[in-house]
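Enquirer: Sending over target15.csv (CSV, C-alpha atoms and all ligand atoms).
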chain,number,residue,atom,x,y,z
A,1,MET,CA,6.2,0.0,25.6
A,2,ARG,CA,3.2,2.2,26.3
A,3,VAL,CA,0.7,1.3,23.5
A,4,ALA,CA,-2.5,3.3,22.6
A,5,VAL,CA,-5.1,1.3,20.8
A,6,LEU,CA,-7.7,3.6,19.2
A,7,GLY,CA,-11.1,1.9,18.7
A,8,ALA,CA,-12.8,-0.6,21.1
A,9,GLY,CA,-14.3,-2.7,18.3
A,10,ILE,CA,-13.4,-6.4,18.2
A,11,ALA,CA,-10.1,-5.6,16.3
A,12,GLY,CA,-8.9,-3.0,18.9
A,13,ILE,CA,-9.8,-5.3,21.8
A,14,ALA,CA,-8.0,-8.2,20.2
A,15,CYS,CA,-4.9,-6.1,19.6
A,16,ALA,CA,-5.0,-4.7,23.2
A,17,ARG,CA,-5.3,-8.2,24.6
A,18,ALA,CA,-2.3,-9.6,22.6
A,19,ALA,CA,-0.2,-6.5,23.4
A,20,GLN,CA,-1.0,-6.7,27.1
A,21,ASP,CA,-0.3,-10.4,27.2
A,22,ALA,CA,3.1,-9.7,25.7
A,23,GLY,CA,3.9,-7.3,28.6
A,24,HIS,CA,3.1,-3.9,27.2
A,25,GLU,CA,1.2,-1.2,29.0
A,26,VAL,CA,-2.0,-0.7,26.9
A,27,ALA,CA,-4.8,1.8,26.9
A,28,VAL,CA,-7.8,1.5,24.6
A,29,LEU,CA,-9.5,4.8,23.6
A,30,ASP,CA,-12.9,4.8,22.0
A,31,ARG,CA,-15.4,7.5,21.3
A,32,GLY,CA,-18.5,5.4,21.9
A,33,LYS,CA,-20.4,5.1,25.2
A,34,VAL,CA,-19.7,1.3,25.2
A,35,PRO,CA,-17.3,-1.0,23.5
A,36,GLY,CA,-18.3,-2.9,20.3
A,37,GLY,CA,-18.1,-0.5,17.4
A,38,ARG,CA,-20.0,-2.0,14.5
A,39,MET,CA,-20.9,-5.0,16.6
A,40,ALA,CA,-23.7,-2.8,18.1
A,41,SER,CA,-26.7,-3.7,20.1
A,42,ARG,CA,-29.2,-1.3,21.6
A,43,ARG,CA,-31.9,-1.8,24.2
A,44,PHE,CA,-35.6,-1.2,23.4
A,45,ALA,CA,-38.2,-2.0,26.0
A,46,GLY,CA,-35.8,-4.1,28.0
A,47,ARG,CA,-34.4,-6.3,25.2
A,48,TYR,CA,-31.3,-5.8,23.0
A,49,VAL,CA,-31.6,-5.5,19.2
A,50,ASP,CA,-28.5,-6.0,17.0
A,51,LEU,CA,-28.2,-2.8,14.9
A,52,GLY,CA,-24.8,-3.5,13.2
A,53,ALA,CA,-23.3,-6.9,12.4
A,54,SER,CA,-25.9,-9.6,12.2
A,55,TYR,CA,-23.9,-12.7,13.1
A,56,LEU,CA,-20.4,-14.2,12.9
A,57,THR,CA,-18.9,-17.2,11.3
A,58,VAL,CA,-16.0,-19.1,12.8
A,59,SER,CA,-13.1,-21.0,11.2
A,60,ASP,CA,-10.1,-20.3,13.4
A,61,PRO,CA,-9.8,-22.5,16.5
A,62,ALA,CA,-8.3,-19.7,18.6
A,63,PHE,CA,-11.2,-17.4,17.7
A,64,GLU,CA,-13.6,-20.1,18.7
A,65,ARG,CA,-12.0,-20.5,22.1
A,66,VAL,CA,-12.2,-16.7,22.7
A,67,LEU,CA,-15.9,-16.7,22.0
A,68,ALA,CA,-16.7,-19.5,24.5
A,69,GLY,CA,-19.6,-18.5,26.8
A,70,THR,CA,-20.7,-15.5,24.8
A,71,VAL,CA,-22.3,-16.9,21.7
A,72,HIS,CA,-24.8,-19.5,20.6
A,73,ALA,CA,-25.4,-21.2,17.3
A,74,TRP,CA,-28.2,-19.3,15.5
A,75,THR,CA,-28.8,-20.9,12.2
A,76,ASP,CA,-27.1,-22.4,9.1
A,77,ARG,CA,-30.1,-21.8,6.9
A,78,PHE,CA,-31.1,-18.6,5.2
A,79,HIS,CA,-33.6,-17.8,2.5
A,80,VAL,CA,-33.2,-15.7,-0.7
A,81,TRP,CA,-35.7,-13.3,-2.1
A,82,GLU,CA,-35.4,-13.1,-5.9
A,83,ASP,CA,-37.7,-12.5,-8.9
A,84,GLY,CA,-40.6,-11.6,-6.6
A,85,GLU,CA,-40.5,-14.7,-4.4
A,86,LEU,CA,-38.9,-16.5,-1.5
A,87,HIS,CA,-36.5,-19.3,-2.2
A,88,GLY,CA,-34.9,-21.8,0.1
A,89,PRO,CA,-33.9,-22.2,2.8
A,90,LYS,CA,-30.3,-22.9,1.6
A,91,ALA,CA,-27.7,-24.5,3.9
A,92,GLY,CA,-24.5,-22.6,4.6
A,93,PRO,CA,-21.9,-22.3,7.4
A,94,MET,CA,-23.2,-22.0,11.0
A,95,ARG,CA,-23.9,-18.4,11.9
A,96,TRP,CA,-23.3,-17.5,15.6
A,97,ALA,CA,-25.1,-14.8,17.5
A,98,GLY,CA,-24.3,-13.0,20.8
A,99,ASP,CA,-26.1,-14.4,23.9
A,100,GLY,CA,-26.6,-10.8,25.0
A,101,GLY,CA,-26.4,-9.2,21.6
A,102,MET,CA,-23.4,-8.8,19.4
A,103,ARG,CA,-22.0,-6.0,21.5
A,104,ALA,CA,-21.8,-8.1,24.6
A,105,ILE,CA,-19.3,-10.4,22.9
A,106,VAL,CA,-16.8,-7.5,22.7
A,107,THR,CA,-17.7,-6.3,26.2
A,108,ALA,CA,-16.8,-9.7,27.6
A,109,LEU,CA,-13.4,-9.5,25.8
A,110,THR,CA,-12.5,-6.2,27.5
A,111,HIS,CA,-12.1,-7.9,30.9
A,112,GLY,CA,-8.8,-6.8,32.5
A,113,LEU,CA,-8.0,-4.2,29.9
A,114,GLU,CA,-7.9,-0.4,30.4
A,115,VAL,CA,-10.7,0.9,28.1
A,116,ARG,CA,-11.5,4.6,28.1
A,117,GLN,CA,-14.9,5.2,26.6
A,118,GLN,CA,-16.3,8.5,25.3
A,119,VAL,CA,-12.9,9.7,24.3
A,120,HIS,CA,-13.0,11.2,20.8
A,121,VAL,CA,-9.4,11.2,19.5
A,122,ASN,CA,-8.6,14.2,17.4
A,123,ARG,CA,-4.9,14.0,16.5
A,124,VAL,CA,-2.4,11.2,16.2
A,125,THR,CA,1.2,12.2,15.7
A,126,GLN,CA,4.4,10.1,16.0
A,127,GLY,CA,4.5,9.1,19.7
A,128,SER,CA,1.4,10.9,20.8
A,129,VAL,CA,-2.4,10.8,20.9
A,130,ASP,CA,-3.9,14.2,21.6
A,131,GLY,CA,-0.7,15.2,23.4
A,132,GLU,CA,-0.5,12.1,25.6
A,133,ALA,CA,2.8,10.2,25.0
A,134,PHE,CA,2.8,6.6,23.7
A,135,ASP,CA,5.5,4.5,22.1
A,136,ALA,CA,3.1,2.9,19.6
A,137,VAL,CA,-0.3,3.8,18.4
A,138,VAL,CA,-2.6,1.4,16.7
A,139,LEU,CA,-5.7,2.7,14.8
A,140,ALA,CA,-8.3,-0.1,14.8
A,141,MET,CA,-11.1,1.6,12.8
A,142,PRO,CA,-12.2,2.1,9.2
A,143,ASP,CA,-9.6,3.8,7.0
A,144,PRO,CA,-11.6,7.1,6.6
A,145,GLN,CA,-12.0,7.4,10.4
A,146,ALA,CA,-8.2,6.9,10.8
A,147,LEU,CA,-7.4,9.4,8.0
A,148,ALA,CA,-9.4,12.0,9.8
A,149,ILE,CA,-7.2,11.9,12.9
A,150,LEU,CA,-3.7,11.1,11.4
A,151,ASP,CA,-1.5,14.1,11.4
A,152,PRO,CA,-0.5,15.4,7.9
A,153,SER,CA,3.2,14.8,8.8
A,154,LEU,CA,2.6,11.0,8.7
A,155,THR,CA,2.7,10.9,4.9
A,156,GLN,CA,3.6,7.2,4.4
A,157,GLU,CA,1.0,6.1,6.9
A,158,ARG,CA,-1.7,8.3,5.3
A,159,ALA,CA,-0.9,7.0,1.8
A,160,THR,CA,-1.2,3.4,3.0
A,161,ILE,CA,-4.9,3.8,3.9
A,162,SER,CA,-5.9,6.4,1.3
A,163,GLY,CA,-8.1,5.9,-1.7
A,164,ARG,CA,-10.2,2.9,-0.6
A,165,THR,CA,-14.0,3.0,-0.7
A,166,TRP,CA,-16.2,2.0,2.2
A,167,ASP,CA,-19.8,1.2,1.6
A,168,PRO,CA,-22.6,2.7,3.8
A,169,VAL,CA,-25.5,0.8,5.2
A,170,LEU,CA,-28.7,1.9,7.0
A,171,VAL,CA,-30.3,-0.6,9.4
A,172,LEU,CA,-34.0,-0.4,10.2
A,173,ALA,CA,-35.1,-2.1,13.4
A,174,ALA,CA,-38.9,-2.6,13.8
A,175,ARG,CA,-41.4,-4.4,16.1
A,176,TRP,CA,-44.6,-6.2,15.2
A,177,ASP,CA,-47.4,-7.3,17.5
A,178,ALA,CA,-47.0,-10.9,16.5
A,179,ARG,CA,-44.5,-12.9,14.4
A,180,LEU,CA,-45.6,-13.0,10.8
A,181,TRP,CA,-42.7,-14.9,9.3
A,182,GLU,CA,-40.9,-18.2,9.6
A,183,VAL,CA,-37.5,-17.3,8.4
A,184,ASP,CA,-34.2,-16.6,10.2
A,185,GLY,CA,-32.8,-14.4,7.6
A,186,VAL,CA,-33.3,-13.4,4.0
A,187,PHE,CA,-30.7,-12.2,1.4
A,188,VAL,CA,-32.6,-9.9,-0.9
A,189,HIS,CA,-31.1,-10.0,-4.3
A,190,ASP,CA,-33.0,-7.6,-6.5
A,191,ASP,CA,-34.5,-4.8,-4.4
A,192,PRO,CA,-33.2,-1.2,-4.7
A,193,VAL,CA,-33.6,-0.5,-1.0
A,194,LEU,CA,-33.0,-3.7,1.0
A,195,GLU,CA,-30.3,-6.4,0.7
A,196,TRP,CA,-30.7,-8.4,4.0
A,197,VAL,CA,-33.4,-9.0,6.6
A,198,ALA,CA,-32.7,-10.8,9.9
A,199,ASP,CA,-35.1,-12.1,12.5
A,200,ASP,CA,-33.9,-10.6,15.8
A,201,GLY,CA,-36.2,-12.8,17.8
A,202,SER,CA,-34.8,-16.1,16.5
A,203,ARG,CA,-31.3,-14.7,16.6
A,204,ARG,CA,-31.7,-13.8,20.3
A,205,GLY,CA,-33.7,-17.0,21.0
A,206,ASP,CA,-36.5,-15.2,22.7
A,207,GLY,CA,-39.0,-15.3,19.8
A,208,ALA,CA,-39.6,-11.5,19.9
A,209,ALA,CA,-41.5,-10.2,16.9
A,210,VAL,CA,-38.6,-7.9,15.8
A,211,LEU,CA,-36.8,-7.7,12.5
A,212,THR,CA,-33.8,-5.8,11.3
A,213,ALA,CA,-33.6,-4.8,7.7
A,214,HIS,CA,-30.3,-3.7,6.1
A,215,SER,CA,-30.2,-1.3,3.1
A,216,THR,CA,-28.3,-1.5,0.0
A,217,PRO,CA,-25.2,0.8,-0.1
A,218,ALA,CA,-26.7,2.7,-3.0
A,219,PHE,CA,-29.9,3.5,-1.0
A,220,ALA,CA,-27.9,4.4,2.1
A,221,SER,CA,-25.6,6.8,0.3
A,222,THR,CA,-28.6,9.0,-0.6
A,223,ARG,CA,-30.0,9.0,3.0
A,224,LEU,CA,-27.0,9.5,5.2
A,225,ALA,CA,-27.8,13.0,6.2
A,226,GLU,CA,-31.2,12.1,7.6
A,227,PRO,CA,-31.4,8.4,8.3
A,228,ALA,CA,-34.7,8.5,10.2
A,229,GLU,CA,-36.3,9.8,7.0
A,230,ALA,CA,-35.5,6.6,5.3
A,231,ALA,CA,-37.8,4.6,7.5
A,232,ASP,CA,-40.9,4.8,5.3
A,233,GLU,CA,-39.1,3.7,2.2
A,234,MET,CA,-37.5,0.8,4.1
A,235,VAL,CA,-40.9,-0.3,5.5
A,236,ALA,CA,-42.3,-0.1,2.0
A,237,ALA,CA,-39.5,-2.3,0.8
A,238,LEU,CA,-40.4,-4.9,3.5
A,239,THR,CA,-44.0,-4.9,2.3
A,240,ARG,CA,-42.7,-5.8,-1.2
A,241,LEU,CA,-41.3,-8.9,0.5
A,242,GLY,CA,-44.7,-9.7,1.9
A,243,ILE,CA,-44.1,-8.4,5.4
A,244,ARG,CA,-46.9,-6.1,6.5
A,245,GLU,CA,-46.2,-2.7,8.2
A,246,PRO,CA,-44.7,-3.0,11.7
A,247,ALA,CA,-46.4,-1.8,14.9
A,248,GLU,CA,-43.4,0.4,15.6
A,249,VAL,CA,-40.2,1.5,14.0
A,250,LEU,CA,-37.6,1.4,16.7
A,251,ARG,CA,-34.7,3.0,14.9
A,252,VAL,CA,-32.8,3.6,11.7
A,253,GLN,CA,-29.1,3.2,12.4
A,254,ARG,CA,-26.6,4.9,10.1
A,255,TRP,CA,-23.3,3.2,9.3
A,256,THR,CA,-21.3,5.6,7.1
A,257,TYR,CA,-18.4,3.2,6.8
A,258,ALA,CA,-20.1,-0.2,7.2
A,259,LYS,CA,-17.9,-2.4,5.0
A,260,PRO,CA,-14.7,-2.0,2.9
A,261,VAL,CA,-14.9,-2.5,-0.8
A,262,GLY,CA,-12.4,-5.2,-1.8
A,263,THR,CA,-9.9,-6.9,0.4
A,264,ARG,CA,-6.2,-6.5,1.4
A,265,SER,CA,-4.2,-9.7,1.8
A,266,GLU,CA,-2.0,-8.3,4.6
A,267,LEU,CA,-3.4,-8.7,8.1
A,268,PHE,CA,-2.2,-5.3,9.3
A,269,PHE,CA,0.3,-2.5,8.7
A,270,LEU,CA,2.9,-1.2,11.2
A,271,SER,CA,5.2,1.6,10.3
A,272,SER,CA,8.8,2.3,11.5
A,273,LYS,CA,7.3,5.3,13.4
A,274,GLY,CA,5.2,3.0,15.5
A,275,ILE,CA,1.9,3.8,13.8
A,276,GLY,CA,-0.2,0.7,13.0
A,277,PHE,CA,-3.5,-0.1,11.4
A,278,CYS,CA,-5.8,-3.1,11.9
A,279,GLY,CA,-9.4,-4.1,11.6
A,280,ASP,CA,-11.7,-5.5,9.0
A,281,GLY,CA,-10.0,-3.4,6.4
A,282,TRP,CA,-7.2,-5.9,6.7
A,283,GLY,CA,-7.5,-9.6,5.8
A,284,ARG,CA,-11.1,-10.9,5.4
A,285,PRO,CA,-13.6,-8.1,6.0
A,286,ARG,CA,-15.7,-9.9,8.6
A,287,ILE,CA,-15.8,-10.1,12.4
A,288,GLU,CA,-13.4,-13.0,12.5
A,289,GLY,CA,-11.1,-11.3,10.1
A,290,ALA,CA,-11.1,-8.1,12.3
A,291,TRP,CA,-10.2,-10.2,15.3
A,292,LEU,CA,-7.4,-12.0,13.5
A,293,SER,CA,-6.1,-8.7,12.3
A,294,GLY,CA,-6.1,-7.1,15.8
A,295,ARG,CA,-4.4,-10.1,17.4
A,296,ALA,CA,-1.7,-10.2,14.7
A,297,ILE,CA,-0.7,-6.6,15.1
A,298,GLY,CA,-0.8,-6.9,18.9
A,299,GLN,CA,1.6,-9.8,18.7
A,300,ALA,CA,3.8,-8.0,16.1
A,301,LEU,CA,4.4,-5.1,18.5
A,302,SER,CA,6.5,-7.5,20.5
A,303,SER,CA,8.7,-8.8,17.7
B,1,LIG,C1,-24.7,-3.1,9.1
B,1,LIG,C2,-23.5,-4.0,9.2
B,1,LIG,C3,-23.7,-5.4,9.1
B,1,LIG,C4,-22.6,-6.3,9.2
B,1,LIG,N1,-22.8,-7.6,9.2
B,1,LIG,C5,-21.8,-8.5,9.5
B,1,LIG,C6,-22.0,-9.8,9.7
B,1,LIG,O1,-23.2,-10.3,9.6
B,1,LIG,N2,-21.0,-10.7,9.9
B,1,LIG,C7,-19.7,-10.2,10.0
B,1,LIG,O2,-18.8,-11.0,10.2
B,1,LIG,N3,-19.4,-8.9,9.9
B,1,LIG,C8,-20.5,-8.0,9.6
B,1,LIG,N4,-20.2,-6.7,9.6
B,1,LIG,C9,-18.9,-6.2,9.7
B,1,LIG,C10,-18.4,-6.2,11.1
B,1,LIG,O3,-19.2,-5.4,11.9
B,1,LIG,C11,-17.0,-5.6,11.2
B,1,LIG,O4,-16.1,-6.4,10.3
B,1,LIG,C12,-16.3,-5.6,12.5
B,1,LIG,O5,-17.2,-5.3,13.6
B,1,LIG,C13,-15.2,-4.6,12.5
B,1,LIG,O6,-14.6,-4.4,13.7
B,1,LIG,P1,-13.4,-3.3,13.9
B,1,LIG,O7,-12.9,-3.5,15.3
B,1,LIG,O8,-12.4,-3.5,12.8
B,1,LIG,O9,-14.1,-1.9,13.7
B,1,LIG,P2,-15.3,-1.1,14.4
B,1,LIG,O10,-16.2,-2.1,15.1
B,1,LIG,O11,-15.8,-0.1,13.5
B,1,LIG,O12,-14.5,-0.4,15.6
B,1,LIG,C14,-13.9,0.9,15.4
B,1,LIG,C15,-14.0,1.7,16.7
B,1,LIG,O13,-13.3,2.9,16.5
B,1,LIG,C16,-14.0,3.9,17.2
B,1,LIG,N5,-13.5,5.2,16.7
B,1,LIG,C17,-13.6,5.7,15.4
B,1,LIG,N6,-13.0,6.9,15.3
B,1,LIG,C18,-12.6,7.3,16.6
B,1,LIG,C19,-12.0,8.4,17.1
B,1,LIG,N7,-11.7,9.5,16.4
B,1,LIG,N8,-11.7,8.4,18.5
B,1,LIG,C20,-12.0,7.4,19.2
B,1,LIG,N9,-12.6,6.2,18.8
B,1,LIG,C21,-12.9,6.2,17.4
B,1,LIG,C22,-15.4,3.7,16.9
B,1,LIG,O14,-16.3,4.3,17.9
B,1,LIG,C23,-15.5,2.1,17.0
B,1,LIG,O15,-15.9,1.7,18.3
B,1,LIG,C24,-21.3,-5.8,9.5
B,1,LIG,C25,-21.1,-4.4,9.6
B,1,LIG,C26,-22.2,-3.5,9.5
B,1,LIG,C27,-22.0,-2.1,9.7
Can you present the structure in this file as structure tokens?
Ligand SMILES: Cc1cc2nc3c(=O)[nH]c(=O)nc-3n(C[C@H](O)[C@H](O)[C@H](O)COP(=O)(O)OP(=O)(O)OC[C@H]3O[C@@H](n4cnc5c(N)ncnc54)[C@H](O)[C@@H]3O)c2cc1C
Expert:
Amino acid sequence: MRVAVLGAGIAGIACARAAQDAGHEVAVLDRGKVPGGRMASRRFAGRYVDLGASYLTVSDPAFERVLAGTVHAWTDRFHVWEDGELHGPKAGPMRWAGDGGMRAIVTALTHGLEVRQQVHVNRVTQGSVDGEAFDAVVLAMPDPQALAILDPSLTQERATISGRTWDPVLVLAARWDARLWEVDGVFVHDDPVLEWVADDGSRRGDGAAVLTAHSTPAFASTRLAEPAEAADEMVAALTRLGIREPAEVLRVQRWTYAKPVGTRSELFFLSSKGIGFCGDGWGRPRIEGAWLSGRAIGQALSS
């Protein structure tokens, strides 16, 4: 079969790999400049900062094998900010970070695949993607992005992914002249603006004085039109946590569809018309879940 996989995030790449290994002819189409999707890293002054997913956890042995050579153990201890003070650190599962940023994990997995970047798909119909013929089309992206390109004639497929909410998040990346903190990450429990702060220097292992601060969905939803304008309020929220103003705000990254609300127990959906869905909207809504979802639908195309 000729298979189109739409989306070069970790789910799409896992799907493409499994389908290609099963003997299909596979093309991955993605609108971004580089693969990775929400596992996003961007270079500032020569070093990568993670602007999307912060880390990954691993429980599946096959996923662990696939990651070999691209990740390092970051930390199993995070703090919590609550009632105006810092608590912890508290031990949890090992959190893994990308050696070259989270994006580089996905890039490494594209080896040997046909991946077409900067291709914005506009219309998926049965057997075709923007007029190019394919036997099967897998949409590996958040439901609202898939709905935007699925032809109205695909009523069953559209109904399958309609009506689910996806939370937005803004991510502030900022640089200080010196490290002023001794934490790897802080879950913020009771701030209206921030819910998570990560030390990008300890995550990367280079000790750079760079933090990323993730907003609450409620705050992000009021600032999606002009994310850069949220910087001052996000910096003010950091100062509430005792971190003084940064030397430089590097970026405010907008994720309109950061995370699905709720979970689906199925790992993927594949219709009789050869239209499939996978990604973190299926199974557990984390990076490992997205990979498992993509691999499962890629394997199912052969059965
Ligand atoms: C701020 C943030 C923090 C997170 N933190 C964590 C974390 O710490 N740990 C964790 O496990 N998970 C985390 N996640 C979730 C994790 O990033 C996702 O579960 C995972 O990356 C989803 O991968 P995916 O392949 O399903 O989708 P995506 O990575 O979103 O890939 C979808 C791809 O489809 C492409 N696309 C969309 N529409 C089109 C179109 N019309 N034409 C062509 N291409 C298109 C996009 O460009 C994108 O590359 C976080 C997410 C965000 C946003």
Enquirer: Need to verify the contact set: stretch 127-137 of chain A, 8 Å, all atoms listed in the file, exclusion of same-chain residues closer than 5 positions in sequence. Can you return it as a list of chain:residue names?
Expert: A:Met1, A:Arg2, A:Val3, A:Ala4, A:Val5, A:Leu6, A:Val121, A:Asn122, A:Lys273, A:Gly274, A:Ile275, A:Gly276
Enquirer: Residues up to 6 Å from ligand LIG 1 (chain B), counting all atoms listed in the file: could you list those as a VMD selection string?
Expert: chain A and resid 6 to 12 29 to 32 36 to 39 52 to 56 119 to 122 140 to 141 145 169 255 258 to 259 279 to 280 285 to 287 290
Enquirer: Go through A:His214, A:Arg164, A:Asp99, A:Ile105 and flag the residue nearest A:Leu51, using only C-alpha atoms for the distances.
Expert: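 Of all the options, A:His214 lies closest to A:Leu51.
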Enquirer: I need the residue nearest A:Gly281 from this list: A:Ser293, A:Thr212, A:Thr75, A:Thr239. Use only C-alpha atoms for the distance.
Expert: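 Using only C-alpha atoms, A:Gly281 sits closest to A:Ser293.
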Enquirer: Within 12 Å of A:Pro61, counting all atoms listed in the file, which residues show up once you throw out same-chain ones fewer than 5 positions away? Write them as number ranges by chain, please.
Expert: A: 66-68, 288, 292
Enquirer: Restricting the calculation to only C-alpha atoms: of A:Glu114, A:Asp232, A:Glu226, A:Glu266, which residue gets closest to A:Ile13?
Expert: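 With only C-alpha atoms as the atom set, the closest residue is A:Glu114.
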Enquirer: To one decimal place, how far is atom CA of A:Ser162 from atom CA of A:Val252 in Å?
Expert: 29.0 Å
Enquirer: Just how far from atom CA of A:Lys90 is atom CA of A:Glu64, in Å to one decimal?
Expert: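 Distance between the two atoms: 24.1 Å.
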Enquirer: A:Glu229: which residues within 12 Å, counting only C-alpha atoms, same-chain residues fewer than 6 positions away excluded, as a VMD selection string?
Expert: chain A and resid 170 172 220 222 to 223 235 249 251 to 254
Enquirer: So which one's closest to A:Arg264, A:Arg17, A:Met234, A:Phe187, A:Ile161? Using all atoms listed in the file, please.
Expert: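 Nearest candidate to A:Arg264 out of A:Arg17, A:Met234, A:Phe187, A:Ile161: A:Ile161.
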Enquirer: Between A:Gly205, A:Pro227, A:Gly262, A:Pro192, which is the closest to A:Gly100 once you count all atoms listed in the file?
Expert: A:Gly205
Enquirer: Rank nothing, just name the residue among A:Cys15, A:Met102, A:Ala91, A:Ala108 nearest to A:Arg77, using all atoms listed in the file.
Expert: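 Of A:Cys15, A:Met102, A:Ala91, A:Ala108, the one nearest A:Arg77, counting all atoms listed in the file, is A:Ala91.
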Enquirer: For stretch 18-40 of chain A, where the input has fewer atoms than it should, I would like N, CA and C atoms rebuilt and written as a PDB file, keeping the file's coordinate frame.
Expert:
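The file below, selection_35.pdb, is the result:
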ATOM      1  N   ALA A  18      -3.608  -8.941  22.994  1.00  0.00           N
ATOM      2  CA  ALA A  18      -2.300  -9.600  22.600  1.00  0.00           C
ATOM      3  C   ALA A  18      -1.154  -8.737  23.061  1.00  0.00           C
ATOM      4  N   ALA A  19      -1.276  -7.409  22.966  1.00  0.00           N
ATOM      5  CA  ALA A  19      -0.200  -6.500  23.400  1.00  0.00           C
ATOM      6  C   ALA A  19       0.019  -6.592  24.897  1.00  0.00           C
ATOM      7  N   GLN A  20      -1.081  -6.610  25.626  1.00  0.00           N
ATOM      8  CA  GLN A  20      -1.000  -6.700  27.100  1.00  0.00           C
ATOM      9  C   GLN A  20      -0.407  -8.030  27.527  1.00  0.00           C
ATOM     10  N   ASP A  21      -0.843  -9.095  26.870  1.00  0.00           N
ATOM     11  CA  ASP A  21      -0.300 -10.400  27.200  1.00  0.00           C
ATOM     12  C   ASP A  21       1.202 -10.484  26.938  1.00  0.00           C
ATOM     13  N   ALA A  22       1.674  -9.663  25.987  1.00  0.00           N
ATOM     14  CA  ALA A  22       3.100  -9.700  25.700  1.00  0.00           C
ATOM     15  C   ALA A  22       3.886  -8.738  26.619  1.00  0.00           C
ATOM     16  N   GLY A  23       3.188  -8.125  27.582  1.00  0.00           N
ATOM     17  CA  GLY A  23       3.900  -7.300  28.600  1.00  0.00           C
ATOM     18  C   GLY A  23       3.846  -5.841  28.403  1.00  0.00           C
ATOM     19  N   HIS A  24       3.154  -5.369  27.373  1.00  0.00           N
ATOM     20  CA  HIS A  24       3.100  -3.900  27.200  1.00  0.00           C
ATOM     21  C   HIS A  24       2.018  -3.293  28.059  1.00  0.00           C
ATOM     22  N   GLU A  25       2.170  -1.981  28.272  1.00  0.00           N
ATOM     23  CA  GLU A  25       1.200  -1.200  29.000  1.00  0.00           C
ATOM     24  C   GLU A  25       0.209  -0.625  27.997  1.00  0.00           C
ATOM     25  N   VAL A  26      -1.047  -1.031  28.046  1.00  0.00           N
ATOM     26  CA  VAL A  26      -2.000  -0.700  26.900  1.00  0.00           C
ATOM     27  C   VAL A  26      -3.172   0.076  27.424  1.00  0.00           C
ATOM     28  N   ALA A  27      -3.533   1.104  26.673  1.00  0.00           N
ATOM     29  CA  ALA A  27      -4.800   1.800  26.900  1.00  0.00           C
ATOM     30  C   ALA A  27      -5.595   1.817  25.618  1.00  0.00           C
ATOM     31  N   VAL A  28      -6.879   1.466  25.719  1.00  0.00           N
ATOM     32  CA  VAL A  28      -7.800   1.500  24.600  1.00  0.00           C
ATOM     33  C   VAL A  28      -8.622   2.777  24.700  1.00  0.00           C
ATOM     34  N   LEU A  29      -8.678   3.576  23.642  1.00  0.00           N
ATOM     35  CA  LEU A  29      -9.500   4.800  23.600  1.00  0.00           C
ATOM     36  C   LEU A  29     -10.571   4.688  22.603  1.00  0.00           C
ATOM     37  N   ASP A  30     -11.794   4.990  22.987  1.00  0.00           N
ATOM     38  CA  ASP A  30     -12.900   4.800  22.000  1.00  0.00           C
ATOM     39  C   ASP A  30     -13.934   5.927  22.271  1.00  0.00           C
ATOM     40  N   ARG A  31     -14.491   6.419  21.180  1.00  0.00           N
ATOM     41  CA  ARG A  31     -15.400   7.500  21.300  1.00  0.00           C
ATOM     42  C   ARG A  31     -16.832   7.121  21.694  1.00  0.00           C
ATOM     43  N   GLY A  32     -17.143   5.848  21.560  1.00  0.00           N
ATOM     44  CA  GLY A  32     -18.500   5.400  21.900  1.00  0.00           C
ATOM     45  C   GLY A  32     -18.752   5.346  23.386  1.00  0.00           C
ATOM     46  N   LYS A  33     -20.039   5.209  23.731  1.00  0.00           N
ATOM     47  CA  LYS A  33     -20.400   5.100  25.200  1.00  0.00           C
ATOM     48  C   LYS A  33     -19.972   3.735  25.701  1.00  0.00           C
ATOM     49  N   VAL A  34     -19.981   2.721  24.840  1.00  0.00           N
ATOM     50  CA  VAL A  34     -19.700   1.300  25.200  1.00  0.00           C
ATOM     51  C   VAL A  34     -18.792   0.724  24.156  1.00  0.00           C
ATOM     52  N   PRO A  35     -18.058  -0.349  24.489  1.00  0.00           N
ATOM     53  CA  PRO A  35     -17.300  -1.000  23.500  1.00  0.00           C
ATOM     54  C   PRO A  35     -18.164  -1.712  22.432  1.00  0.00           C
ATOM     55  N   GLY A  36     -17.567  -2.129  21.328  1.00  0.00           N
ATOM     56  CA  GLY A  36     -18.300  -2.900  20.300  1.00  0.00           C
ATOM     57  C   GLY A  36     -18.194  -2.407  18.933  1.00  0.00           C
ATOM     58  N   GLY A  37     -18.140  -1.084  18.752  1.00  0.00           N
ATOM     59  CA  GLY A  37     -18.100  -0.500  17.400  1.00  0.00           C
ATOM     60  C   GLY A  37     -19.246  -0.980  16.568  1.00  0.00           C
ATOM     61  N   ARG A  38     -18.939  -1.570  15.407  1.00  0.00           N
ATOM     62  CA  ARG A  38     -20.000  -2.000  14.500  1.00  0.00           C
ATOM     63  C   ARG A  38     -20.700  -3.288  14.972  1.00  0.00           C
ATOM     64  N   MET A  39     -20.188  -3.925  15.988  1.00  0.00           N
ATOM     65  CA  MET A  39     -20.900  -5.000  16.600  1.00  0.00           C
ATOM     66  C   MET A  39     -21.797  -4.302  17.702  1.00  0.00           C
ATOM     67  N   ALA A  40     -22.896  -3.727  17.234  1.00  0.00           N
ATOM     68  CA  ALA A  40     -23.700  -2.800  18.100  1.00  0.00           C
ATOM     69  C   ALA A  40     -25.024  -3.403  18.426  1.00  0.00           C
TER      70      ALA A  40
END
